[in-house]
$ cat start35.tsv   # TSV, C-alpha atoms
chain	number	residue	atom	x	y	z
F	276	MET	CA	-17.54	7.26	8.99
F	277	PRO	CA	-18.40	10.98	8.87
F	278	PHE	CA	-17.65	12.68	5.57
F	279	VAL	CA	-15.48	15.47	6.98
F	280	GLY	CA	-13.48	13.01	9.08
F	281	THR	CA	-12.75	10.89	6.04
F	282	VAL	CA	-11.65	13.96	4.07
F	283	LEU	CA	-9.24	14.91	6.84
F	284	ILE	CA	-7.82	11.39	6.97
F	285	ALA	CA	-7.43	11.50	3.18
F	286	ILE	CA	-5.58	14.84	3.33
F	287	ALA	CA	-3.18	13.39	5.90
F	288	ALA	CA	-2.77	10.21	3.84
F	289	GLY	CA	-2.11	12.23	0.69
F	290	PHE	CA	0.48	14.33	2.50
F	291	VAL	CA	2.28	11.28	3.90
F	292	GLY	CA	2.00	9.50	0.57
F	293	ALA	CA	3.55	12.40	-1.34
F	294	VAL	CA	6.38	12.85	1.15
F	295	SER	CA	7.16	9.14	1.55
F	296	GLY	CA	6.64	8.08	-2.08
F	297	MET	CA	4.50	5.18	-0.94
F	298	GLY	CA	1.26	6.25	-2.56
F	299	GLY	CA	-1.91	6.77	-0.64
F	300	GLY	CA	-2.17	3.51	1.24
F	301	ALA	CA	0.67	3.78	3.74
F	302	LEU	CA	-1.41	5.79	6.18
F	303	LEU	CA	-4.89	5.36	4.74
F	304	ILE	CA	-5.25	1.59	5.14
F	305	PRO	CA	-4.24	1.44	8.81
F	306	MET	CA	-6.38	4.45	9.71
F	307	LEU	CA	-9.46	3.17	7.89
F	308	THR	CA	-9.14	-0.28	9.42
F	309	LEU	CA	-8.74	1.29	12.86
F	310	CYS	CA	-12.03	3.09	12.20
F	311	GLY	CA	-13.72	-0.24	11.57
F	312	ILE	CA	-13.62	-0.31	7.76
F	313	ASP	CA	-13.19	-3.76	6.21
F	314	ILE	CA	-9.59	-4.33	5.10
F	315	LYS	CA	-10.54	-5.21	1.52
F	316	SER	CA	-12.60	-2.03	1.16
F	317	ALA	CA	-9.74	-0.05	2.70
F	318	ILE	CA	-7.32	-1.49	0.16
F	319	ALA	CA	-9.73	-0.74	-2.69
F	320	VAL	CA	-10.03	2.88	-1.57
F	321	SER	CA	-6.26	3.11	-1.18
F	322	VAL	CA	-5.88	2.16	-4.85
F	323	VAL	CA	-7.91	5.21	-5.82
F	324	SER	CA	-5.98	7.30	-3.31
F	325	SER	CA	-2.68	6.11	-4.79
F	326	VAL	CA	-3.72	7.26	-8.25
F	327	ALA	CA	-4.94	10.61	-6.88
F	328	VAL	CA	-1.71	11.17	-4.94
F	329	SER	CA	0.39	10.12	-7.93
F	330	ASN	CA	-1.42	12.60	-10.20
F	331	SER	CA	-1.29	15.50	-7.79
F	332	ALA	CA	2.25	15.04	-6.50
F	333	GLY	CA	3.45	14.18	-10.00
F	334	VAL	CA	2.60	17.69	-11.18
F	335	THR	CA	5.23	19.18	-8.86
F	336	TYR	CA	7.80	16.45	-9.30
F	337	VAL	CA	7.66	16.28	-13.09
F	338	ARG	CA	7.70	20.01	-13.64
F	339	GLY	CA	10.57	20.36	-11.18
F	340	HIS	CA	12.55	17.76	-13.19
F	341	LEU	CA	12.82	15.59	-10.09
F	342	ALA	CA	11.10	12.50	-11.49
F	343	ASN	CA	13.08	10.59	-14.13
F	344	LEU	CA	10.64	10.00	-16.99
F	345	LYS	CA	12.88	7.55	-18.83
F	346	ALA	CA	13.35	5.39	-15.74
F	347	SER	CA	9.60	5.59	-15.20
F	348	ALA	CA	8.90	4.40	-18.76
F	349	PHE	CA	11.33	1.51	-18.25
F	350	SER	CA	9.88	0.57	-14.86
F	351	GLU	CA	6.19	0.69	-15.70
F	352	VAL	CA	6.39	-2.19	-18.15
F	353	TRP	CA	7.89	-4.55	-15.59
F	354	GLY	CA	5.70	-3.32	-12.79
F	355	VAL	CA	2.46	-3.82	-14.71
F	356	LEU	CA	3.58	-7.25	-15.95
F	357	GLY	CA	4.35	-8.20	-12.38
F	358	ALA	CA	1.02	-6.87	-11.11
F	359	LEU	CA	-0.87	-8.94	-13.67
F	360	ALA	CA	1.12	-12.02	-12.70
F	361	GLY	CA	0.52	-11.33	-9.01
F	362	ALA	CA	-3.20	-10.87	-9.47
F	363	SER	CA	-3.33	-14.19	-11.33
F	364	LEU	CA	-1.59	-15.94	-8.44
F	365	THR	CA	-3.94	-14.53	-5.79
F	366	LEU	CA	-6.30	-17.47	-5.85
F	367	VAL	CA	-3.61	-20.11	-5.46
F	368	THR	CA	-1.34	-18.42	-2.94
F	369	GLU	CA	-1.42	-18.41	0.85
F	370	ARG	CA	-1.20	-14.68	1.38
F	371	ARG	CA	-0.72	-14.89	5.11
F	372	TRP	CA	2.91	-15.93	4.67
F	373	LEU	CA	3.42	-13.36	1.95
F	374	PHE	CA	2.32	-10.57	4.27
F	375	MET	CA	4.72	-11.75	6.93
F	376	ALA	CA	7.57	-12.28	4.45
F	377	CYS	CA	7.09	-8.85	2.90
F	378	GLY	CA	6.87	-7.21	6.30
F	379	THR	CA	10.02	-8.95	7.45
F	380	LEU	CA	11.78	-7.90	4.26
F	381	PHE	CA	10.84	-4.27	4.86
F	382	LEU	CA	12.11	-4.38	8.43
F	383	LEU	CA	15.38	-6.06	7.51
F	384	VAL	CA	16.03	-3.72	4.60
F	385	GLY	CA	15.12	-0.70	6.70
F	386	VAL	CA	17.49	-1.74	9.49
F	387	GLY	CA	20.21	-2.48	6.95
F	388	MET	CA	19.79	0.89	5.26
F	389	PHE	CA	19.84	2.68	8.60
F	390	LEU	CA	22.97	0.90	9.83
F	391	GLY	CA	24.67	1.31	6.46
F	392	SER	CA	23.90	5.00	6.29
F	393	ARG	CA	25.50	5.63	9.67
F	394	ARG	CA	28.78	4.21	8.39
F	395	THR	CA	28.71	5.91	5.00
F	396	LEU	CA	30.42	9.26	4.69
F	397	PRO	CA	27.99	11.50	2.89
F	398	THR	CA	29.40	12.78	-0.34
F	399	ARG	CA	27.94	15.83	-1.98
F	400	GLY	CA	25.27	15.87	0.69
F	401	TRP	CA	23.70	12.49	-0.12
F	402	PHE	CA	22.87	10.23	2.79
F	403	TRP	CA	24.50	7.29	1.16
F	404	ALA	CA	27.02	7.59	-1.59
F	405	PRO	CA	26.40	6.07	-5.01
F	406	SER	CA	28.64	3.20	-6.08
F	407	PRO	CA	31.60	4.07	-8.33
F	408	ARG	CA	30.78	4.68	-11.97
F	409	SER	CA	31.04	1.46	-13.99
F	410	GLY	CA	30.44	2.90	-17.43
F	411	HIS	CA	27.08	1.15	-17.68
F	412	GLU	CA	24.94	3.95	-16.38
F	413	VAL	CA	21.52	4.62	-17.82
F	414	PHE	CA	18.78	7.24	-17.38
F	415	ALA	CA	21.39	9.95	-16.83
F	416	SER	CA	19.86	13.24	-15.79
F	417	SER	CA	20.15	16.09	-13.32
F	418	TYR	CA	17.93	18.20	-11.12
F	419	TYR	CA	18.22	21.38	-9.11
F	420	ASP	CA	18.01	20.64	-5.39
F	421	ARG	CA	16.50	23.60	-3.55
F	422	ALA	CA	17.52	22.27	-0.15
F	423	GLU	CA	21.18	22.07	-1.17
F	424	ASN	CA	21.03	25.01	-3.60
F	425	ARG	CA	22.87	23.24	-6.40
F	426	THR	CA	22.33	21.03	-9.43
F	427	ILE	CA	22.87	17.33	-8.82
F	428	ALA	CA	23.78	15.06	-11.73
F	429	TYR	CA	23.13	11.34	-11.43
F	430	ALA	CA	22.70	8.18	-13.46
F	431	GLY	CA	21.06	4.81	-12.90
F	432	GLN	CA	22.89	1.49	-12.63
F	433	HIS	CA	22.03	-2.20	-13.00
F	434	PRO	CA	18.96	-1.64	-15.21
F	435	TRP	CA	18.17	-5.32	-15.86
F	436	LEU	CA	18.55	-6.30	-12.22
F	437	SER	CA	16.23	-3.39	-11.47
F	438	ALA	CA	13.77	-4.71	-14.06
F	439	LEU	CA	13.71	-8.09	-12.33
F	440	CYS	CA	13.21	-6.47	-8.95
F	441	LEU	CA	10.46	-4.22	-10.30
F	442	PHE	CA	8.69	-7.25	-11.74
F	443	GLY	CA	8.89	-8.81	-8.31
F	444	ALA	CA	7.54	-5.62	-6.77
F	445	GLY	CA	4.63	-5.76	-9.18
F	446	VAL	CA	3.93	-9.39	-8.26
F	447	MET	CA	3.92	-8.49	-4.57
F	448	ALA	CA	1.63	-5.55	-5.27
F	449	GLY	CA	-0.74	-7.78	-7.19
F	450	LEU	CA	-0.74	-10.36	-4.41
F	451	LEU	CA	-0.88	-8.09	-1.36
F	452	GLY	CA	-2.58	-4.99	-2.73
F	453	MET	CA	-0.09	-2.72	-0.96
F	454	GLY	CA	3.59	-2.01	-0.57
F	455	VAL	CA	4.47	-1.27	-4.19
F	456	GLY	CA	5.61	2.27	-3.40
F	457	ALA	CA	8.06	1.13	-0.73
F	458	LEU	CA	9.37	-1.68	-2.92
F	459	THR	CA	9.82	0.65	-5.90
F	460	ILE	CA	11.74	3.19	-3.82
F	461	LEU	CA	13.99	0.42	-2.52
F	462	VAL	CA	14.74	-0.73	-6.07
F	463	TYR	CA	15.48	2.79	-7.28
F	464	GLY	CA	17.63	3.60	-4.27
F	465	LEU	CA	19.49	0.35	-3.58
F	466	VAL	CA	19.72	-1.23	-7.05
F	467	MET	CA	19.53	1.65	-9.51
F	468	ARG	CA	21.39	3.94	-7.08
F	469	PHE	CA	19.24	7.01	-7.62
F	470	PRO	CA	19.43	9.85	-5.09
F	471	PRO	CA	16.64	9.54	-2.50
F	472	LYS	CA	14.69	12.48	-3.89
F	473	VAL	CA	14.73	11.05	-7.43
F	474	ALA	CA	13.84	7.56	-6.15
F	475	LEU	CA	10.86	8.94	-4.23
F	476	THR	CA	9.50	11.17	-6.98
F	477	THR	CA	9.97	8.66	-9.80
F	478	SER	CA	8.24	5.94	-7.77
F	479	HIS	CA	5.14	8.13	-7.67
F	480	LEU	CA	4.67	7.84	-11.41
F	481	VAL	CA	5.13	4.08	-11.36
F	482	VAL	CA	2.79	3.66	-8.36
F	483	GLY	CA	0.04	5.54	-10.20
F	484	VAL	CA	0.22	3.22	-13.20
F	485	MET	CA	0.34	0.07	-11.09
F	486	ALA	CA	-2.54	1.24	-8.91
F	487	LEU	CA	-4.56	1.83	-12.06
F	488	ALA	CA	-3.87	-1.76	-13.12
F	489	SER	CA	-5.43	-2.91	-9.83
F	490	ALA	CA	-8.46	-0.64	-10.01
F	491	SER	CA	-10.45	-2.82	-12.38
F	492	VAL	CA	-10.15	-5.80	-10.04
F	493	TYR	CA	-11.65	-3.89	-7.13
F	494	LEU	CA	-14.31	-2.23	-9.27
F	495	GLU	CA	-15.55	-5.57	-10.54
F	496	ALA	CA	-15.55	-7.03	-7.03
F	497	GLY	CA	-17.79	-4.19	-5.85
F	498	LEU	CA	-15.29	-3.14	-3.18
F	499	MET	CA	-15.25	0.55	-4.19
F	500	ASN	CA	-17.41	2.09	-1.47
F	501	LEU	CA	-18.65	5.44	-2.80
F	502	ARG	CA	-18.99	6.88	0.69
F	503	LEU	CA	-15.25	6.32	1.18
F	504	VAL	CA	-14.01	6.95	-2.35
F	505	VAL	CA	-15.55	10.42	-2.76
F	506	PRO	CA	-14.01	12.05	0.34
F	507	VAL	CA	-10.69	10.34	-0.40
F	508	VAL	CA	-10.68	11.67	-3.98
F	509	LEU	CA	-11.33	15.17	-2.64
F	510	GLY	CA	-8.86	15.07	0.24
F	511	ALA	CA	-5.88	13.05	-1.03
F	512	PRO	CA	-4.89	15.43	-3.87
F	513	VAL	CA	-4.88	18.37	-1.46
F	514	GLY	CA	-2.60	16.54	0.94
F	515	ALA	CA	-0.40	15.37	-1.93
F	516	PHE	CA	-0.04	18.90	-3.25
F	517	LEU	CA	1.08	20.16	0.16
F	518	GLY	CA	3.42	17.21	0.65
F	519	SER	CA	5.05	17.59	-2.76
F	520	ALA	CA	5.68	21.27	-2.07
F	521	LEU	CA	7.52	20.22	1.09
F	522	VAL	CA	9.55	17.48	-0.60
F	523	VAL	CA	11.26	19.83	-3.05
F	524	ARG	CA	12.49	21.87	-0.09
F	525	LEU	CA	13.70	19.04	2.13
F	526	PRO	CA	17.26	17.65	1.96
F	527	ASN	CA	17.76	14.06	0.79
F	528	ARG	CA	18.82	13.00	4.29
F	529	ALA	CA	15.52	14.09	5.85
F	530	LEU	CA	13.52	12.26	3.19
F	531	LEU	CA	15.52	9.11	3.72
F	532	LEU	CA	15.00	9.20	7.48
F	533	LEU	CA	11.28	9.66	6.98
F	534	PHE	CA	11.20	6.76	4.53
F	535	LEU	CA	13.02	4.50	7.02
F	536	VAL	CA	10.49	5.31	9.74
F	537	LEU	CA	7.55	4.64	7.46
F	538	ILE	CA	8.98	1.42	6.06
F	539	ALA	CA	9.45	0.17	9.61
F	540	VAL	CA	5.82	1.00	10.41
F	541	LEU	CA	4.66	-0.65	7.18
F	542	GLY	CA	6.78	-3.74	7.93
F	543	VAL	CA	5.24	-4.15	11.36
F	544	HIS	CA	1.76	-3.60	9.91
F	545	LEU	CA	2.26	-6.34	7.31
F	546	ILE	CA	3.63	-8.81	9.85
F	547	VAL	CA	0.72	-8.18	12.20
F	548	ARG	CA	-1.72	-8.64	9.33
F	549	GLY	CA	-0.10	-11.94	8.47
F	550	LEU	CA	-0.20	-13.13	12.07
F	551	TRP	CA	-3.87	-12.24	12.46
F	552	TRP	CA	-4.87	-13.42	8.97
F	553	ALA	CA	-8.14	-15.33	9.04
F	554	ALA	CA	-7.88	-18.38	6.82
J	231	MET	CA	8.45	16.55	-22.16
J	232	GLU	CA	8.08	17.60	-18.55
J	233	PRO	CA	5.66	20.49	-19.32
J	234	LEU	CA	3.43	18.15	-21.35
J	235	ILE	CA	3.32	15.42	-18.70
J	236	GLY	CA	2.89	17.99	-15.95
J	237	ALA	CA	-0.05	19.55	-17.80
J	238	ILE	CA	-1.74	16.16	-18.27
J	239	LEU	CA	-1.39	15.33	-14.59
J	240	ARG	CA	-2.64	18.76	-13.54
J	241	VAL	CA	-5.68	18.71	-15.85
J	242	GLY	CA	-6.56	15.16	-14.89
J	243	SER	CA	-6.21	15.86	-11.19
J	244	LEU	CA	-8.23	19.08	-11.26
J	245	ALA	CA	-10.90	17.80	-13.65
J	246	GLY	CA	-11.37	14.57	-11.73
J	247	SER	CA	-11.64	16.21	-8.33
J	248	GLY	CA	-13.72	19.05	-9.76
J	249	LEU	CA	-16.32	16.77	-11.30
J	250	VAL	CA	-16.56	14.67	-8.13
J	251	LEU	CA	-17.05	17.83	-6.06
J	252	ALA	CA	-19.65	19.15	-8.51
J	253	GLY	CA	-21.57	15.88	-8.34
J	254	LEU	CA	-21.42	15.93	-4.57
J	255	VAL	CA	-22.70	19.52	-4.35
J	256	TRP	CA	-25.48	18.75	-6.85
J	257	ALA	CA	-26.49	15.68	-4.83
J	258	SER	CA	-26.55	17.70	-1.61
J	259	GLN	CA	-28.77	20.31	-3.29
J	260	THR	CA	-31.15	17.56	-4.34
J	261	THR	CA	-31.22	15.45	-1.21
J	262	GLY	CA	-30.24	18.03	1.40
J	263	TYR	CA	-27.24	16.14	2.74
J	264	LEU	CA	-23.85	14.91	1.63
J	265	GLU	CA	-24.69	11.34	0.79
J	266	LEU	CA	-24.23	9.25	-2.31
J	267	THR	CA	-25.68	5.78	-2.29
J	268	ASP	CA	-25.29	4.73	-5.92
J	269	PRO	CA	-23.57	1.37	-6.17
J	270	LEU	CA	-20.09	1.77	-7.57
J	271	THR	CA	-19.57	-1.32	-9.66
J	272	ALA	CA	-18.42	-1.97	-13.17
J	273	HIS	CA	-16.60	-4.68	-15.02
J	274	THR	CA	-13.69	-2.48	-16.07
J	275	VAL	CA	-12.52	1.10	-15.67
J	276	LEU	CA	-13.42	1.95	-19.27
J	277	ARG	CA	-16.95	0.58	-18.82
J	278	PHE	CA	-17.12	2.59	-15.62
J	279	PHE	CA	-16.35	5.73	-17.64
J	280	LEU	CA	-18.98	4.84	-20.25
J	281	SER	CA	-21.56	4.26	-17.52
J	282	GLY	CA	-20.87	7.78	-16.32
J	283	VAL	CA	-21.55	9.12	-19.80
J	284	GLN	CA	-24.82	7.18	-19.96
J	285	HIS	CA	-25.95	8.43	-16.55
J	286	ALA	CA	-25.30	12.02	-17.70
J	287	LYS	CA	-28.17	11.82	-20.20
J	288	LEU	CA	-30.82	12.11	-17.49
J	289	PRO	CA	-31.05	15.08	-15.08
J	290	GLN	CA	-32.04	12.89	-12.14
J	291	THR	CA	-28.90	10.80	-12.47
J	292	MET	CA	-26.58	13.71	-13.23
J	293	PRO	CA	-24.99	13.90	-9.72
J	294	GLY	CA	-23.99	10.24	-9.87
J	295	ALA	CA	-22.81	10.71	-13.44
J	296	LEU	CA	-20.53	13.60	-12.49
J	297	VAL	CA	-19.02	11.56	-9.66
J	298	ARG	CA	-18.47	8.56	-11.95
J	299	LEU	CA	-16.93	10.71	-14.68
J	300	GLY	CA	-14.70	12.46	-12.17
J	301	LEU	CA	-13.47	9.17	-10.74
J	302	ALA	CA	-12.95	7.72	-14.19
J	303	ILE	CA	-10.94	10.77	-15.33
J	304	LEU	CA	-8.85	10.54	-12.19
J	305	LEU	CA	-8.14	6.85	-12.76
J	306	LEU	CA	-7.47	7.26	-16.49
J	307	THR	CA	-5.01	10.16	-16.08
J	308	PRO	CA	-1.96	7.86	-15.70
J	309	TYR	CA	-3.14	5.97	-18.80
J	310	VAL	CA	-3.26	9.19	-20.84
J	311	ARG	CA	0.14	10.17	-19.42
J	312	VAL	CA	1.74	6.96	-20.66
J	313	ILE	CA	0.16	7.41	-24.11
J	314	ALA	CA	1.54	10.94	-24.27
J	315	SER	CA	4.97	9.67	-23.17
J	316	ALA	CA	5.00	7.09	-25.96
J	317	TRP	CA	4.08	9.74	-28.52
J	318	TYR	CA	6.65	12.23	-27.26
J	319	PHE	CA	9.49	9.69	-27.10
J	320	GLN	CA	8.73	8.55	-30.66
J	321	VAL	CA	7.79	11.75	-32.47
J	322	VAL	CA	9.68	14.50	-30.66
J	323	GLU	CA	12.71	12.92	-29.00
J	324	ARG	CA	13.11	10.10	-31.55
J	325	GLN	CA	14.04	7.65	-28.79
J	326	ARG	CA	12.44	4.47	-30.04
J	327	ALA	CA	13.48	2.27	-27.16
J	328	TYR	CA	11.58	4.39	-24.65
J	329	ALA	CA	8.71	4.83	-27.08
J	330	LEU	CA	8.47	1.07	-27.38
J	331	MET	CA	8.51	0.61	-23.61
J	332	SER	CA	5.74	3.16	-23.15
J	333	ALA	CA	3.75	1.65	-26.01
J	334	LEU	CA	3.99	-1.77	-24.41
J	335	THR	CA	2.74	-0.31	-21.14
J	336	VAL	CA	-0.17	1.25	-23.02
J	337	LEU	CA	-1.06	-2.14	-24.51
J	338	LEU	CA	-0.94	-3.85	-21.13
J	339	LEU	CA	-3.02	-1.12	-19.50
J	340	THR	CA	-5.54	-1.22	-22.34
J	341	TYR	CA	-5.96	-4.92	-21.75
J	342	VAL	CA	-6.43	-4.37	-18.02
J	343	LEU	CA	-8.79	-1.42	-18.39
J	344	ALA	CA	-10.95	-2.88	-21.15
J	345	VAL	CA	-10.86	-6.63	-20.71
J	346	PHE	CA	-9.37	-7.82	-17.44
$ encode --input "start35.tsv" --output "structure tokens"
Amino acid sequence: MPFVGTVLIAIAAGFVGAVSGMGGGALLIPMLTLCGIDIKSAIAVSVVSSVAVSNSAGVTYVRGHLANLKASAFSEVWGVLGALAGASLTLVTERRWLFMACGTLFLLVGVGMFLGSRRTLPTRGWFWAPSPRSGHEVFASSYYDRAENRTIAYAGQHPWLSALCLFGAGVMAGLLGMGVGALTILVYGLVMRFPPKVALTTSHLVVGVMALASASVYLEAGLMNLRLVVPVVLGAPVGAFLGSALVVRLPNRALLLLFLVLIAVLGVHLIVRGLWWAA
Amino acid sequence: MEPLIGAILRVGSLAGSGLVLAGLVWASQTTGYLELTDPLTAHTVLRFFLSGVQHAKLPQTMPGALVRLGLAILLLTPYVRVIASAWYFQVVERQRAYALMSALTVLLLTYVLAVF
């Protein structure tokens, strides 16, 4: 692949990754495989892209008090534990069915979220309203939403259920090599009941750590193609910077709609990969 | 805490990309075209970083060394961020539960980066 073309793809992937919260692989892997790159090499490069996007986008999200650092600290433990467990299971697991199951899960959850959001009356501008306060909230914080021009206070719920789900997300990430960003956002949004913008930005920090945990595996396997990694490292942070600047200005509803579109695309991609998996 | 974490992410991102770009430009000056053919293999991320340091000792391998160091800094930035989080939670905010969580993450990542 030509160097400049790869840089442009990486910029686009970084932009989409920053806006969707799914790291660098959501767009990068399909585009690289369409250009004839081996899927394993594409996944290896996407790991590096995920870290680059996490670093670059994280600058904006952390300094804007959008990402919840306490929730991130809580999540990273479970995510990394899950990723290690998933990587250990790789050799003994039929991944074809896992791809299809994960893709089906994404589609079902995406459809459910879309249908549920249409019935939910938005309160305080959120696309779906948080569940009533139970007195067991954690990670309480607030952020100033530029799109809505006001400060939004929030708190997380069901921390231990979230921990279990994040462990599962880590296992899936370790097994499949992709999808951790989408799974993390789902956990933050549906289980922990964070606002969409907080779910997206906090997932970036967790994705970066979990991608790092995968990097050694791909380095040792010799799957890090320098001709792909270098342009991706140069392009992805630029795209992520631009995307993060857009996120802080978009309303939660727009971000959620974008996430639903991308999760549907990712779900279809995973199902197709499972169907065409070569044993 | 946000300014500290934001600064770590910014420095890591800029330094990593900057070194990779510098190595690429140096390689193009030497070979005349944008092409790097060094094999990119290592047993772990930390050994990958050390290999970059070793390659930097010789002028002829400096372009590859800069690229390796840049990539290693990029990959290690989240690791440094988690270490800083653990320190800040423990020393500044005195929130031991979060400090313990971050410290555990550091231990797990250290195992992955150095041994796995």
$ atom_distance --input "start35.tsv" --atom1 "atom CA of F:Gly449" --atom2 "atom CA of F:Leu364"
8.3 Å
$ closest_atom_pairs --input "start35.tsv" --of "chain F" --to "chain J" --cutoff "8 Å" --atoms "all atoms listed in the file" --output "tab-separated table"
residue	atom	partner	partner_atom	distance
F:Phe278	CA	J:Leu264	CA	7.7
F:Val323	CA	J:Leu305	CA	7.1
F:Val326	CA	J:Leu305	CA	6.3
F:Ala327	CA	J:Leu304	CA	6.6
F:Asn330	CA	J:Leu239	CA	5.2
F:Ser331	CA	J:Ser243	CA	6.0
F:Gly333	CA	J:Leu239	CA	6.8
F:Val334	CA	J:Gly236	CA	4.8
F:Thr335	CA	J:Gly236	CA	7.6
F:Val337	CA	J:Glu232	CA	5.6
F:Arg338	CA	J:Glu232	CA	5.5
F:His340	CA	J:Glu232	CA	7.0
F:Lys345	CA	J:Tyr328	CA	6.7
F:Ala348	CA	J:Ser332	CA	5.5
F:Phe349	CA	J:Met331	CA	6.1
F:Glu351	CA	J:Thr335	CA	6.5
F:Val352	CA	J:Thr335	CA	5.1
F:Val355	CA	J:Leu338	CA	7.3
F:Leu356	CA	J:Leu338	CA	7.7
F:Leu480	CA	J:Pro308	CA	7.9
F:Gly483	CA	J:Pro308	CA	6.3
F:Val484	CA	J:Pro308	CA	5.7
F:Leu487	CA	J:Leu305	CA	6.2
F:Ala488	CA	J:Val342	CA	6.1
F:Ala490	CA	J:Val275	CA	7.2
F:Ser491	CA	J:Thr274	CA	4.9
F:Val492	CA	J:Phe346	CA	7.7
F:Leu494	CA	J:Thr271	CA	5.4
F:Glu495	CA	J:His273	CA	4.7
F:Ala496	CA	J:Thr271	CA	7.5
F:Gly497	CA	J:Thr271	CA	5.1
F:Leu498	CA	J:Thr271	CA	8.0
F:Met499	CA	J:Leu270	CA	6.0
F:Asn500	CA	J:Leu270	CA	6.7
F:Leu501	CA	J:Leu270	CA	6.2
F:Arg502	CA	J:Leu266	CA	6.5
F:Val505	CA	J:Val250	CA	6.9
F:Val508	CA	J:Ser247	CA	6.4
F:Leu509	CA	J:Ser247	CA	5.8
F:Pro512	CA	J:Ser243	CA	7.5
$ atom_distance --input "start35.tsv" --atom1 "atom CA of F:Leu533" --atom2 "atom CA of F:Gly549"
24.5 Å
$ residues_around --input "start35.tsv" --residues "stretch 302-314 of chain F" --least-positions-apart "5" --cutoff "10 Å" --atoms "all atoms listed in the file" --output "ChimeraX atom specification"
/F:276,281,284-292,297,319-321,324-325,453,498,503,507,511,537,540-541,544,548
$ atom_distance --input "start35.tsv" --atom1 "atom CA of F:Ile538" --atom2 "atom CA of F:Leu465"
14.3 Å
$ residues_near_point --input "start35.tsv" --point "(18.4, -2.1, -8.9)" --cutoff "6 Å" --atoms "all atoms listed in the file" --output "list in words"
His433, Leu436, Ser437, Val462, Tyr463, Leu465, Val466 and Met467 of chain F
$ residues_around --input "start35.tsv" --residues "F:Trp551" --least-positions-apart "5" --cutoff "10 Å" --atoms "only C-alpha atoms" --output "ChimeraX atom specification"
/F:371,545-546
$ closest_residue --input "start35.tsv" --among "F:Ala422, F:Ile318, F:Ala346, F:Leu550" --to "F:Ala474" --atoms "only C-alpha atoms"
F:Ala346
